[in-house]
Structure formats: C-alpha cells, structure tokens
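Shown next: final-v5.json, containing JSON, C-alpha atoms.
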[["chain", "number", "residue", "atom", "x", "y", "z"],
["A", 177, "MET", "CA", 92.44, -45.08, 153.24],
["A", 178, "SER", "CA", 90.42, -47.30, 150.93],
["A", 179, "GLU", "CA", 88.57, -44.49, 149.16],
["A", 180, "THR", "CA", 90.19, -43.08, 146.01],
["A", 181, "PRO", "CA", 90.82, -39.36, 146.45],
["A", 182, "ASP", "CA", 89.05, -37.00, 144.06],
["A", 183, "GLU", "CA", 92.13, -34.80, 143.74],
["A", 184, "VAL", "CA", 95.82, -35.25, 144.55],
["A", 185, "LEU", "CA", 98.13, -32.37, 145.43],
["A", 186, "ASP", "CA", 101.83, -33.09, 145.61],
["A", 187, "ALA", "CA", 103.42, -30.29, 147.63],
["A", 188, "SER", "CA", 106.69, -32.18, 148.11],
["A", 189, "GLY", "CA", 109.69, -29.88, 148.47],
["A", 190, "MET", "CA", 107.55, -26.84, 149.27],
["A", 191, "ALA", "CA", 108.15, -24.98, 152.51],
["A", 192, "CYS", "CA", 105.69, -23.10, 154.72],
["A", 193, "PRO", "CA", 103.28, -21.60, 153.81],
["A", 194, "MET", "CA", 102.96, -22.97, 150.26],
["A", 195, "PRO", "CA", 101.48, -26.42, 151.09],
["A", 196, "ILE", "CA", 98.59, -24.75, 152.94],
["A", 197, "ILE", "CA", 98.09, -22.04, 150.32],
["A", 198, "LYS", "CA", 98.06, -24.61, 147.48],
["A", 199, "THR", "CA", 95.75, -26.91, 149.49],
["A", 200, "ASN", "CA", 93.33, -24.06, 150.05],
["A", 201, "LYS", "CA", 93.40, -23.19, 146.35],
["A", 202, "VAL", "CA", 92.72, -26.75, 145.19],
["A", 203, "MET", "CA", 90.02, -27.21, 147.84],
["A", 204, "LYS", "CA", 88.16, -24.17, 146.50],
["A", 205, "SER", "CA", 87.76, -25.89, 143.12],
["A", 206, "MET", "CA", 86.37, -29.08, 144.71],
["A", 207, "GLN", "CA", 82.81, -30.04, 145.63],
["A", 208, "PRO", "CA", 81.60, -30.54, 149.23],
["A", 209, "GLY", "CA", 82.25, -34.12, 150.37],
["A", 210, "GLN", "CA", 85.10, -34.68, 147.92],
["A", 211, "VAL", "CA", 88.45, -35.83, 149.27],
["A", 212, "LEU", "CA", 91.85, -34.30, 148.58],
["A", 213, "GLU", "CA", 95.05, -36.25, 149.03],
["A", 214, "LEU", "CA", 97.85, -33.90, 150.04],
["A", 215, "ILE", "CA", 101.44, -35.07, 149.92],
["A", 216, "ALA", "CA", 103.96, -32.82, 151.71],
["A", 217, "THR", "CA", 107.53, -33.00, 152.94],
["A", 218, "ASP", "CA", 107.38, -29.88, 155.12],
["A", 219, "PRO", "CA", 107.84, -31.21, 158.68],
["A", 220, "GLY", "CA", 105.51, -28.44, 159.86],
["A", 221, "ALA", "CA", 102.69, -29.79, 157.69],
["A", 222, "PRO", "CA", 101.01, -32.06, 160.32],
["A", 223, "SER", "CA", 100.52, -29.13, 162.66],
["A", 224, "ASP", "CA", 99.62, -26.67, 159.89],
["A", 225, "VAL", "CA", 97.12, -28.99, 158.18],
["A", 226, "LYS", "CA", 95.40, -29.62, 161.50],
["A", 227, "ALA", "CA", 95.17, -25.90, 162.23],
["A", 228, "TRP", "CA", 93.94, -25.18, 158.71],
["A", 229, "THR", "CA", 91.22, -27.86, 158.75],
["A", 230, "SER", "CA", 90.03, -26.83, 162.19],
["A", 231, "ARG", "CA", 89.84, -23.20, 161.06],
["A", 232, "THR", "CA", 88.13, -23.88, 157.71],
["A", 233, "GLY", "CA", 85.76, -26.63, 158.83],
["A", 234, "ASN", "CA", 87.15, -29.20, 156.39],
["A", 235, "THR", "CA", 87.77, -32.67, 157.83],
["A", 236, "LEU", "CA", 91.17, -34.29, 158.21],
["A", 237, "VAL", "CA", 90.10, -37.88, 157.48],
["A", 238, "ASP", "CA", 93.50, -39.43, 158.12],
["A", 239, "SER", "CA", 97.19, -38.76, 157.93],
["A", 240, "SER", "CA", 100.21, -40.97, 157.53],
["A", 241, "HIS", "CA", 103.96, -40.64, 157.33],
["A", 242, "GLU", "CA", 106.17, -42.57, 154.91],
["A", 243, "GLY", "CA", 109.84, -41.63, 155.06],
["A", 244, "GLU", "CA", 110.03, -37.91, 154.34],
["A", 245, "LYS", "CA", 106.48, -37.76, 153.02],
["A", 246, "TYR", "CA", 103.38, -36.84, 154.96],
["A", 247, "ILE", "CA", 100.12, -37.90, 153.35],
["A", 248, "PHE", "CA", 96.83, -36.32, 154.36],
["A", 249, "HIS", "CA", 93.28, -37.01, 153.25],
["A", 250, "ILE", "CA", 91.03, -34.02, 153.67],
["A", 251, "ARG", "CA", 87.29, -34.01, 153.06],
["A", 252, "LYS", "CA", 85.75, -30.76, 151.92],
["A", 253, "ALA", "CA", 83.07, -29.39, 154.23],
["A", 254, "GLY", "CA", 79.59, -29.33, 152.80],
["B", 71, "MET", "CA", 84.43, -25.86, 164.04],
["B", 72, "THR", "CA", 82.07, -25.47, 161.13],
["B", 73, "GLU", "CA", 82.37, -23.04, 158.30],
["B", 74, "ASP", "CA", 79.55, -20.81, 159.52],
["B", 75, "THR", "CA", 81.40, -20.01, 162.75],
["B", 76, "ILE", "CA", 84.22, -18.29, 160.87],
["B", 77, "THR", "CA", 84.14, -14.62, 161.72],
["B", 78, "ALA", "CA", 85.32, -11.77, 159.53],
["B", 79, "GLU", "CA", 88.68, -11.64, 161.22],
["B", 80, "LYS", "CA", 91.51, -9.61, 159.79],
["B", 81, "LEU", "CA", 95.25, -9.61, 160.15],
["B", 82, "GLY", "CA", 97.04, -6.28, 160.28],
["B", 83, "ILE", "CA", 100.83, -6.24, 160.10],
["B", 84, "ILE", "CA", 103.28, -3.37, 160.38],
["B", 85, "ALA", "CA", 106.51, -3.95, 158.43],
["B", 86, "SER", "CA", 109.18, -1.45, 159.40],
["B", 87, "HIS", "CA", 112.40, -3.24, 158.42],
["B", 88, "GLY", "CA", 113.80, -3.74, 154.95],
["B", 89, "SER", "CA", 116.27, -6.61, 155.22],
["B", 90, "LEU", "CA", 115.66, -9.91, 153.45],
["B", 91, "ASP", "CA", 114.87, -11.81, 156.65],
["B", 92, "SER", "CA", 112.56, -9.04, 157.89],
["B", 93, "ALA", "CA", 110.58, -9.18, 154.65],
["B", 94, "TYR", "CA", 109.61, -12.79, 155.17],
["B", 95, "MET", "CA", 107.61, -12.57, 158.40],
["B", 96, "PRO", "CA", 104.95, -10.10, 157.23],
["B", 97, "LEU", "CA", 104.65, -11.66, 153.78],
["B", 98, "ILE", "CA", 104.42, -15.29, 154.97],
["B", 99, "LEU", "CA", 101.74, -14.47, 157.53],
["B", 100, "ALA", "CA", 99.74, -12.15, 155.27],
["B", 101, "THR", "CA", 99.69, -14.61, 152.36],
["B", 102, "THR", "CA", 98.60, -17.48, 154.63],
["B", 103, "ALA", "CA", 95.79, -15.52, 156.28],
["B", 104, "PRO", "CA", 93.37, -15.75, 153.32],
["B", 105, "ALA", "CA", 93.74, -19.57, 153.33],
["B", 106, "LEU", "CA", 92.34, -19.48, 156.87],
["B", 107, "GLY", "CA", 89.49, -17.21, 155.91],
["B", 108, "MET", "CA", 91.12, -14.02, 157.15],
["B", 109, "GLU", "CA", 91.67, -10.77, 155.30],
["B", 110, "ALA", "CA", 95.12, -9.24, 155.61],
["B", 111, "ALA", "CA", 96.84, -5.90, 155.22],
["B", 112, "ILE", "CA", 100.48, -4.93, 155.61],
["B", 113, "PHE", "CA", 101.40, -1.35, 156.45],
["B", 114, "PHE", "CA", 104.92, -0.70, 155.15],
["B", 115, "THR", "CA", 106.68, 2.10, 156.94],
["B", 116, "PHE", "CA", 110.25, 3.41, 157.30],
["B", 117, "TYR", "CA", 112.70, 0.79, 156.00],
["B", 118, "GLY", "CA", 109.82, -1.60, 155.34],
["B", 119, "LEU", "CA", 109.19, 0.40, 152.15],
["B", 120, "GLU", "CA", 112.31, -1.23, 150.73],
["B", 121, "ILE", "CA", 110.22, -4.42, 150.30],
["B", 122, "LEU", "CA", 107.95, -2.54, 147.88],
["B", 123, "LYS", "CA", 110.57, -0.66, 145.86],
["B", 124, "LYS", "CA", 110.81, -1.75, 142.22],
["B", 125, "ASP", "CA", 114.59, -1.54, 142.25],
["B", 126, "SER", "CA", 115.15, -3.35, 145.55],
["B", 127, "TYR", "CA", 112.40, -5.90, 146.29],
["B", 128, "GLU", "CA", 114.24, -8.57, 144.28],
["B", 129, "HIS", "CA", 117.58, -7.78, 145.92],
["B", 130, "LEU", "CA", 116.90, -7.39, 149.64],
["B", 131, "LYS", "CA", 119.98, -7.95, 151.75],
["B", 132, "ILE", "CA", 121.06, -9.54, 155.01],
["B", 133, "ALA", "CA", 123.04, -7.48, 157.52],
["B", 134, "PRO", "CA", 126.00, -9.48, 158.85],
["B", 135, "VAL", "CA", 126.92, -6.81, 161.42],
["B", 136, "ALA", "CA", 125.33, -6.92, 164.88],
["B", 137, "ASN", "CA", 123.59, -10.15, 163.90],
["B", 138, "PRO", "CA", 124.82, -12.80, 166.35],
["B", 139, "ALA", "CA", 122.13, -15.24, 165.20],
["B", 140, "MET", "CA", 123.52, -15.86, 161.70],
["B", 141, "PRO", "CA", 123.64, -19.66, 161.20],
["B", 142, "ILE", "CA", 127.34, -19.23, 160.43],
["B", 143, "PRO", "CA", 128.45, -16.58, 162.95],
["B", 144, "ILE", "CA", 130.22, -13.60, 161.42],
["B", 145, "PRO", "CA", 132.19, -11.51, 163.98],
["B", 146, "ASN", "CA", 131.29, -7.81, 163.77],
["B", 147, "ILE", "CA", 134.88, -6.89, 162.97],
["B", 148, "VAL", "CA", 134.65, -9.15, 159.90],
["B", 149, "GLY", "CA", 131.07, -8.18, 159.06],
["B", 150, "VAL", "CA", 132.08, -4.57, 158.38],
["B", 151, "LEU", "CA", 134.51, -5.57, 155.62],
["B", 152, "PRO", "CA", 133.55, -4.78, 152.02],
["B", 153, "GLY", "CA", 131.60, -7.61, 150.41],
["B", 154, "MET", "CA", 130.39, -9.18, 153.66],
["B", 155, "THR", "CA", 126.79, -8.03, 153.21],
["B", 156, "ALA", "CA", 126.81, -9.56, 149.73],
["B", 157, "LEU", "CA", 128.31, -12.77, 151.09],
["B", 158, "ALA", "CA", 125.77, -13.07, 153.92],
["B", 159, "THR", "CA", 122.95, -12.34, 151.47],
["B", 160, "HIS", "CA", 124.26, -14.92, 149.03],
["B", 161, "MET", "CA", 124.40, -17.51, 151.82],
["B", 162, "MET", "CA", 120.87, -16.73, 152.94],
["B", 163, "ASN", "CA", 119.51, -16.91, 149.37],
["B", 164, "ASP", "CA", 121.20, -20.27, 149.00],
["B", 165, "TRP", "CA", 119.52, -21.60, 152.17],
["B", 166, "ILE", "CA", 116.18, -20.18, 151.06],
["B", 167, "SER", "CA", 116.43, -21.88, 147.70],
["B", 168, "LYS", "CA", 117.59, -25.24, 149.12],
["B", 169, "ALA", "CA", 114.76, -25.28, 151.67],
["B", 170, "GLY", "CA", 112.13, -24.75, 148.95],
["B", 171, "ILE", "CA", 111.05, -21.42, 150.40],
["B", 172, "ALA", "CA", 109.20, -18.97, 148.16],
["B", 173, "THR", "CA", 111.11, -15.84, 147.14],
["B", 174, "ILE", "CA", 110.07, -12.33, 148.17],
["B", 175, "PRO", "CA", 108.90, -11.49, 144.60],
["B", 176, "GLU", "CA", 106.80, -14.70, 144.60],
["B", 177, "LEU", "CA", 105.25, -13.82, 147.96],
["B", 178, "LEU", "CA", 104.47, -10.27, 146.79],
["B", 179, "ASP", "CA", 102.76, -11.66, 143.66],
["B", 180, "LEU", "CA", 100.81, -14.10, 145.82],
["B", 181, "ALA", "CA", 99.78, -11.34, 148.22],
["B", 182, "LEU", "CA", 98.40, -9.24, 145.35],
["B", 183, "GLU", "CA", 96.65, -12.26, 143.84],
["B", 184, "GLU", "CA", 94.99, -12.92, 147.22],
["B", 185, "ASP", "CA", 93.91, -9.27, 147.62],
["B", 186, "VAL", "CA", 96.18, -8.69, 150.60],
["B", 187, "ARG", "CA", 96.29, -4.91, 151.02],
["B", 188, "LEU", "CA", 99.82, -3.57, 150.66],
["B", 189, "ILE", "CA", 99.70, -0.09, 152.16],
["B", 190, "ALA", "CA", 102.74, 2.16, 151.76],
["B", 191, "CYS", "CA", 103.11, 4.79, 154.47],
["B", 192, "GLN", "CA", 102.77, 8.10, 152.65],
["B", 193, "MET", "CA", 104.38, 10.05, 155.48],
["B", 194, "THR", "CA", 107.57, 7.99, 155.40],
["B", 195, "MET", "CA", 107.63, 8.14, 151.60],
["B", 196, "ASP", "CA", 107.55, 11.95, 151.76],
["B", 197, "MET", "CA", 110.23, 11.96, 154.46],
["B", 198, "MET", "CA", 112.53, 9.62, 152.55],
["B", 199, "GLY", "CA", 111.82, 11.17, 149.16],
["B", 200, "ILE", "CA", 110.23, 8.07, 147.65],
["B", 201, "ASP", "CA", 107.85, 8.64, 144.71],
["B", 202, "LYS", "CA", 104.77, 6.51, 144.14],
["B", 203, "ASP", "CA", 106.13, 5.26, 140.82],
["B", 204, "GLU", "CA", 109.20, 3.86, 142.57],
["B", 205, "LEU", "CA", 106.98, 1.24, 144.22],
["B", 206, "ILE", "CA", 105.61, -1.92, 142.62],
["B", 207, "ASP", "CA", 102.16, -1.89, 141.04],
["B", 208, "GLY", "CA", 99.22, -2.82, 143.23],
["B", 209, "VAL", "CA", 100.39, -0.89, 146.27],
["B", 210, "GLU", "CA", 98.03, 1.60, 147.90],
["B", 211, "PHE", "CA", 99.06, 4.71, 149.78],
["B", 212, "GLY", "CA", 97.86, 5.87, 153.15],
["B", 213, "GLY", "CA", 98.68, 6.95, 156.64],
["B", 214, "ALA", "CA", 98.02, 6.02, 160.24],
["B", 215, "ALA", "CA", 94.27, 6.49, 159.90],
["B", 216, "THR", "CA", 94.15, 4.12, 156.93],
["B", 217, "TYR", "CA", 95.80, 1.36, 158.94],
["B", 218, "LEU", "CA", 93.89, 2.06, 162.15],
["B", 219, "GLY", "CA", 90.64, 2.17, 160.20],
["B", 220, "TYR", "CA", 91.43, -1.29, 158.85],
["B", 221, "ILE", "CA", 92.37, -2.87, 162.18],
["B", 222, "SER", "CA", 89.63, -1.19, 164.17],
["B", 223, "GLU", "CA", 87.16, -3.85, 163.00],
["B", 224, "ASN", "CA", 87.97, -7.25, 164.48],
["B", 225, "ALA", "CA", 91.63, -7.48, 163.57],
["B", 226, "VAL", "CA", 94.66, -9.05, 165.14],
["B", 227, "THR", "CA", 97.83, -7.07, 164.65],
["B", 228, "ILE", "CA", 101.53, -7.80, 164.60],
["B", 229, "ALA", "CA", 104.47, -5.45, 164.13],
["B", 230, "PHE", "CA", 107.85, -6.37, 162.67]]

Here is the file; what I need is its structure written in the form of structure tokens.
Amino acid sequence: MSETPDEVLDASGMACPMPIIKTNKVMKSMQPGQVLELIATDPGAPSDVKAWTSRTGNTLVDSSHEGEKYIFHIRKAG
Amino acid sequence: MTEDTITAEKLGIIASHGSLDSAYMPLILATTAPALGMEAAIFFTFYGLEILKKDSYEHLKIAPVANPAMPIPIPNIVGVLPGMTALATHMMNDWISKAGIATIPELLDLALEEDVRLIACQMTMDMMGIDKDELIDGVEFGGAATYLGYISENAVTIAF
C-alpha cells in the first residue's frame, strides 16, 4: 500500500477477541475515509477482520502476511 | 454491506457453568458483540453466578475429573487426588497467559465498559444463598422475564 495510514494499531501478541475490539475502538476515533493499519499475530485475524469489516461497512483495502504478522489496511466508512 | 443496513441486533447468552473454561465463551462473545454493532446481555444462572462473585471471579478453576479433553489428559482416578484441581487450573492459566488471552477480570471490566448487561439470576441467588453485595459492581438482578424481555426483540441467543 503506497498511502500512509492515518493510524497504526499494533495488536501483536493479542488473542481473540482483543484485536477486533481494539480495532473497533481506534476506528471510532477516526474520521470517515481515514485508513487504519492493523498489525496482528492472531492467526484468526484474517477471518475476523473480514467478518468485522463486512458487518461494520468499513473497507478492507488490503492485507498481507509477513512471517507471524498479518497487516491490514482498513478504510473507515463515510 | 453499508453502515445503514445494520439492524439493532442483540446477543443474549445464558451462562450456567462456573469453571474457568466455561467463563470464557460467554464473555468473549458478549464483549465482541458491540464491536460488530450488536448489544449484548449475559444471564448468569446456577453455577454461572460464580463468574460474578467478588471472591471467586479472579480464581475460577478447571475441573480435571470427567474432562477427557484436557490438553494433557488426566485420568479420573488421578484427577480426584488432592491438589489436582489446582494443578489443572495452574496449567490452564499458564496456557492462557502464554497465548496472550485476556483474563476473566479483564473481560468483565471490558464488558462493563461496553455496556454489556450482566444479569444475575435472582432466583438462583436466593436458592444458593448469595447476597447482592457478594457480586461485583455493575451487575443487575432479574429473572426469566428480564432475560426474555431482552431477547424478545431481534436477538440471537446462545446458552453455555
């Protein structure tokens, strides 16, 4: 992703459901259209982030996987 | 799906068991629900009240007897020995901590912060001789009608 994220949340080491709960909390403080970079090591995160974005209407811009880390870019709905 | 299609869905959970593992399912689901735009309530009844007791919520235990699914199997004949419940609980707490899983006190705090309704079953409290002040702050008290009233409007329900 070429765009610089507006916020970064490092949820490394956190297990379900904390990455989603923290993501939701940070997202609430952001403006529509802004992008959050979420870093997680929970192997359930790809599925959970997808379910959460589809439920909340936020957009999963892209996701990648580097070693143990999953990196997601999520754009706030507006 | 856009934000305006989110309906006022609710999650209603019955928690009727008081072991450490049994405390996780209702609390994990109820604390996640608000992140998905859902309200949540947990109705604690029978042994589930243990999860709300001031003197036990931080020290919930694992039963090693009649639990063939323990990651390290403990034969029943061994599980009944003194100290085995403490050992199994210690092992489970160790796994919980190593896996980065939130503790039960942390999940209870989170639930209250997120306005998850923690409803203690008054009938079971009376039956088991549990006073209101034995339960953690933030709990509400009610009976079957309280829970049914909550779930009667567009709720999904789960019982543990």

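Among the candidates A:Asp224, A:Asp186, A:Glu213, A:Glu179, the one nearest to chain B when counting all atoms listed in the file is A:Asp224.
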
| said: Give me the residues near Glu120 (chain B) as number ranges by chain, where near means some atom within 6 Å (using all atoms listed in the file) and where sequence neighbours in that chain fewer than 3 positions away do not count. | reply: B: 88, 117, 123

| Interface, chain A side, toward chain B (12 Å; all atoms listed in the file) as number ranges by chain | A: 187-204, 208, 216-219, 224-235, 252-254

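Nearest residue to Met206 (chain A) among A:Glu244, A:Arg251, A:Ser239, A:Ser223 is A:Arg251, counting all atoms listed in the file.
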
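CA of Thr155 (chain B) to CA of Val135 (chain B) spans 8.3 Å [interatomic distance, one decimal].
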
| query | In Å to one decimal, how far is CA of Thr194 (chain B) from CA of Met108 (chain B)? | reply |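 One can read the CA of Met108 (chain B) to CA of Thr194 (chain B) distance as 27.5 Å.
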